[in-house]
Amino acid sequence: MSTLLRRLFFVAVALFLAAPLIVVAGVSVNQRQELTFPPRGFSAAWYAQIFTDPEWRAALIHSVTLAVPSAAIAVAIALPLSWFLWRRVAPWANVFRILGIAPFILPPVITALGFLSFWATVGLFGQFFTAIISHAIFFVTLPLVTLSLGFASIDRSLVEAAATMGADDRTVARTVVLPLILPYLVSGYAFAFVLSLNEYIVAYMTIGFTTETLPIKIFNALRYGYTPTMASVSVFFVALAALVFGLIAAFGDIRRLLGAMGSDR
Amino acid sequence: MRREPPKTAADYAPLAFPALMLTLFFVVPFSIMIAVSFFRRDPAGFYKPDFVLDNYARFLTAFFGSVLGFSLMLAVLVALCCVAIGFPFTYLLTRCARRVQTVWLVCLLSVLSLSEVIIGFSWSTLFSRTAGITNIFVALGLMDEPVALLPSFGAVLTGMVYQALPYTILVLYPALVRLDPTLLEAARTLGASPVRAFFNVVVPALRNSIVATLIMVFVFALGSYLLPQILGRPQHWTLSVLITDQAIYQSNMPFAAAMAVFLVLISLALVGLTLLIGRREEAS
């Protein structure tokens with residue numbers, strides 16, 4: 001009885017989470033340019049359009065050129081910071097940890113407006129690189145959290161052993177610490193990358209007037225009516241996120257990343 | 001290699017780049033935003049430097065009061081719905097096999113990472129007349145003809161619960177997965193049914209986590225800037241939507257900044273409260 005109820009509850013939550021995506025997936029294969037579900041006919045043309053239509057392709061390229069470097073800068077900020085916090089006793093340095101987490105906890109509109117005020121004041125408003133830096137700061141939380149977990153999981157006796165055998169700080173960092181935290185580094189990058197691809201408001205407030213990323217393009221298209229490409233792009237995004245997180249789960253321990261530390265089950 | 005305080009300049013070196021980036025691109029923009037909230041509007045550009053309190057004085061209007069009241073009410077409702085669904089769900093999830101948990105976590109992360117634009121578009125499709133859920137009801141004979149379910153308050157609430165539910169579950173997950181299983185075993189051995197054990201043992205043990213999660217989800221829901229716009233009517237707009245609207249479409253950055261400062265204060269007060277609760281839980 002209770003097992004049945006539990007199954008029903010799980011199915012209900014799964015349906016709730018999947019329902020809009022199922023409808024969008026159905027809509028995206030409509031033969032003609034119309035918003036109907038169940039779909040009439042079958043056509044994968046709207047998926048091809050992401051890559052062939054010049055406007056959608058440009059938006060895709062903008063999104064990728066934004067996400068790849070911004071996630072890299074986010075990791076470049078988070079790695080030395082979390083290393084320092086792990087290696088040194090310096091309670092005041094936690095200020096920077098809080099600064100790194102704040103943009104993610106505060107409502108995103110605020111961070112976005114902060115960037116808009118900043119870039120407008122220094123006179124660089126609308127330049128593409130401003131969005132890269134803004135996203136790097138906005139998403140620095142993710143690699144910061146995964147890397148802090150990674151450092152916390154290192155057995156300090158390993159590091160001590162290396163130091164006793166004569167390795168200096170640099171050698172220890174390269175030959176012991178780096179291999180141990182590499183999975184956390186990769187997942188931190190992946191998290192920041194996927195979220196940057198999907199991000200709308202910060203991108204819109206920094207470069208929205210001059211450049212269209214995919215989310216901006218979908219929103220603009222939504223205001224002028226419906227094209228099935230919006231649906232196919234959405235499905236493409238869900239599939240990409242599932243693929244990236246699936247890979248993290250396959251090669252790492254996603255439960256541990258999400259805070260299941262210390263549970264021995 | 002023991003942890004030791006930094007001594008030489010070289011010890012501090014790793015901190016230089018992160019400190020520079022976070023100060024220059026987070027602290028400075030934030031300060032500029034606060035300054036802008038005291039500036040005057042410039043129809044031709046972004047703002048004119050000045051020191052006026054007009055932007056804050058506008059909070060005293062009935063319109064702003066109603067937007068604020070609606071935003072807070074909506075965020076409270078979203079937080080309550082999410083925790084009411086998410087807490088029992090997360091509890092049951094942590095009792096599942098590791099494999100099942102992993103699959104669910106991947107799915108939840110995928111939904112969580114979705115853009116608000118995509119969530120808004122998906123739900124507007126699901127609630128539409130031509131491709132919506134009412135078509136299924138018609139096919140099942142429950143309704144006579146398909147109808148559009150948006151724009152409406154229900155659509156806004158559903159969309160926002162959808163957006164916040166994965167977040168809620170992932171915030172609750174660490175607390176529930178680390179819950180001492182012997183607590184529950186004791187309750188079961190003493191004859192409590194699983195439901196009773198859940199309500200009399202699990203819920204009280206995690207009371208503080210539940211309150212902290214409610215606040216976190218509340219702040220998260222306050223930040224939703226597109227869903228009320230896509231799924232609702234103008235009277236369903238929240239403070240975040242209004243800030244975006246003022247900053248971009250009305251090009252009144254000073255007023256947008258003043259509202260943002262106000263929103264920061266609310267959020268910070270609540271996040272501070274969450275931290276306090278968390279600390280008390282660790283101490284006990």
# chains A, B, ... in the order shown; residues from 1 in each chain; ligands from 1
$ residues_around --residues "A:Val238" --least-positions-apart "2" --cutoff "8 Å" --atoms "only C-alpha atoms" --output "MDAnalysis selection string"
(chainID A and resid 234:236 240:242) or (chainID B and resid 110:111 114)
$ write_last_selection --atoms "C-alpha atoms" --output "PDB file, in the first residue's frame"
ATOM      1  CA  SER A 234      14.378  24.360 -25.928  1.00  0.00           C
ATOM      2  CA  VAL A 235      14.535  20.591 -26.443  1.00  0.00           C
ATOM      3  CA  PHE A 236      18.145  20.948 -27.587  1.00  0.00           C
ATOM      4  CA  LEU A 240      22.428  19.210 -23.610  1.00  0.00           C
ATOM      5  CA  ALA A 241      21.967  19.828 -19.855  1.00  0.00           C
ATOM      6  CA  ALA A 242      20.923  16.198 -19.298  1.00  0.00           C
TER       7      ALA A 242
ATOM      8  CA  SER B 110      18.695  19.568 -15.946  1.00  0.00           C
ATOM      9  CA  VAL B 111      15.357  21.225 -15.138  1.00  0.00           C
ATOM     10  CA  LEU B 114      16.766  25.688 -17.731  1.00  0.00           C
TER      11      LEU B 114
END
$ closest_atom_pairs --of "stretch 158-265 of chain B" --to "stretch 183-207 of chain A" --cutoff "10 Å" --atoms "only C-alpha atoms" --output "Markdown table"
| residue | atom | partner | partner_atom | distance |
| --- | --- | --- | --- | --- |
| B:Tyr225 | CA | A:Ile201 | CA | 8.3 |
| B:Leu226 | CA | A:Ile201 | CA | 9.0 |
| B:Thr244 | CA | A:Ile201 | CA | 8.6 |
| B:Ala247 | CA | A:Met205 | CA | 8.7 |
| B:Ile248 | CA | A:Met205 | CA | 7.7 |
$ residues_around --residues "stretch 101-104 of chain A" --least-positions-apart "3" --cutoff "12 Å" --atoms "only C-alpha atoms" --output "CSV table (one decimal) with C-alpha atoms, in the first residue's frame"
chain,number,residue,atom,x,y,z
A,74,ALA,CA,34.9,31.5,-13.2
A,78,ALA,CA,37.5,29.9,-7.9
A,94,ASN,CA,36.3,34.1,3.9
A,95,VAL,CA,35.0,37.6,2.9
A,96,PHE,CA,35.9,36.6,-0.7
A,97,ARG,CA,34.1,33.3,-0.3
A,98,ILE,CA,30.9,35.2,0.6
A,107,PRO,CA,17.8,37.8,-6.9
A,108,PRO,CA,19.5,37.7,-10.4
A,109,VAL,CA,17.9,41.0,-11.5
A,110,ILE,CA,20.0,42.8,-8.8
A,111,THR,CA,23.3,41.4,-10.1
A,112,ALA,CA,22.2,42.2,-13.6
A,113,LEU,CA,21.3,45.8,-12.8
A,114,GLY,CA,24.6,46.1,-11.0
A,115,PHE,CA,26.5,45.1,-14.1
A,134,SER,CA,29.7,39.5,-16.0
A,135,HIS,CA,28.8,35.8,-16.5
A,136,ALA,CA,32.1,34.7,-15.0
A,137,ILE,CA,31.3,36.7,-11.8
A,138,PHE,CA,27.7,35.7,-11.8
A,139,PHE,CA,28.5,31.9,-11.9
A,140,VAL,CA,31.8,31.9,-9.9
A,141,THR,CA,29.7,30.3,-7.1
A,142,LEU,CA,29.4,27.0,-8.9
A,143,PRO,CA,33.1,26.1,-9.3
A,144,LEU,CA,33.7,27.7,-5.9
A,145,VAL,CA,31.3,25.3,-4.2
A,146,THR,CA,32.4,22.2,-6.1
A,148,SER,CA,35.7,23.7,-1.9
A,192,ALA,CA,29.0,27.2,-15.0
A,195,LEU,CA,24.0,27.8,-16.7
A,202,VAL,CA,22.5,39.3,-17.1
B,22,LEU,CA,35.4,40.0,-7.2
B,25,PHE,CA,33.4,43.4,-10.9
B,26,PHE,CA,31.1,42.7,-8.0
B,27,VAL,CA,31.7,45.1,-5.1
B,29,PRO,CA,29.2,47.5,-9.6
B,30,PHE,CA,27.1,47.0,-6.5
B,216,MET,CA,15.8,30.2,0.6
B,219,VAL,CA,14.2,34.6,-1.9
B,220,PHE,CA,14.6,32.4,-5.0
B,223,GLY,CA,14.0,36.8,-8.1
B,264,VAL,CA,18.6,43.4,-1.7
B,267,SER,CA,16.8,39.3,0.6
B,268,LEU,CA,19.9,40.0,2.8
B,271,VAL,CA,19.5,35.2,4.1
B,272,GLY,CA,21.0,36.4,7.4
$ residues_around --residues "B:Val241" --least-positions-apart "4" --cutoff "10 Å" --atoms "only C-alpha atoms" --output "NGL selection string"
(:A and (109)) or (:B and (67 or 71 or 222-229 or 234 or 236-237 or 245-247))
$ select_by_dssp --residues "stretch 110-269 of chain B" --states "helix (DSSP H, G or I)" --output "PyMOL selection string"
chain B and resi 110-112+116-126+134-139+153-177+181-189+194-205+207-222+227-231+234-236+239-249+253-269
$ closest_residue --among "B:Gly141, B:Pro18, B:Gly86, B:Gly278" --to "chain A" --atoms "only C-alpha atoms"
B:Pro18
$ closest_residue --among "B:Val117, B:Thr102, B:Gln250, B:Leu214" --to "A:Gly246" --atoms "only C-alpha atoms"
B:Thr102
$ residues_around --residues "A:Gly26" --least-positions-apart "4" --cutoff "8 Å" --atoms "only C-alpha atoms" --output "PyMOL selection string"
chain A and resi 22+30+37-39
$ residues_around --residues "A:Arg223" --least-positions-apart "3" --cutoff "12 Å" --atoms "only C-alpha atoms" --output "number ranges by chain"
A: 216-220, 226-227, 230; B: 117, 120-121, 229-230
$ residues_around --residues "B:Ala97" --least-positions-apart "6" --cutoff "12 Å" --atoms "only C-alpha atoms" --output "VMD selection string"
(chain A and resid 255 265) or (chain B and resid 103 to 104 177)
$ atom_distance --atom1 "atom CA of A:Leu116" --atom2 "atom CA of A:Ala72"
22.1 Å
$ closest_residue --among "B:Cys96, B:Ile136, B:Ala192, B:Ala256" --to "B:Tyr56" --atoms "only C-alpha atoms"
B:Ala256
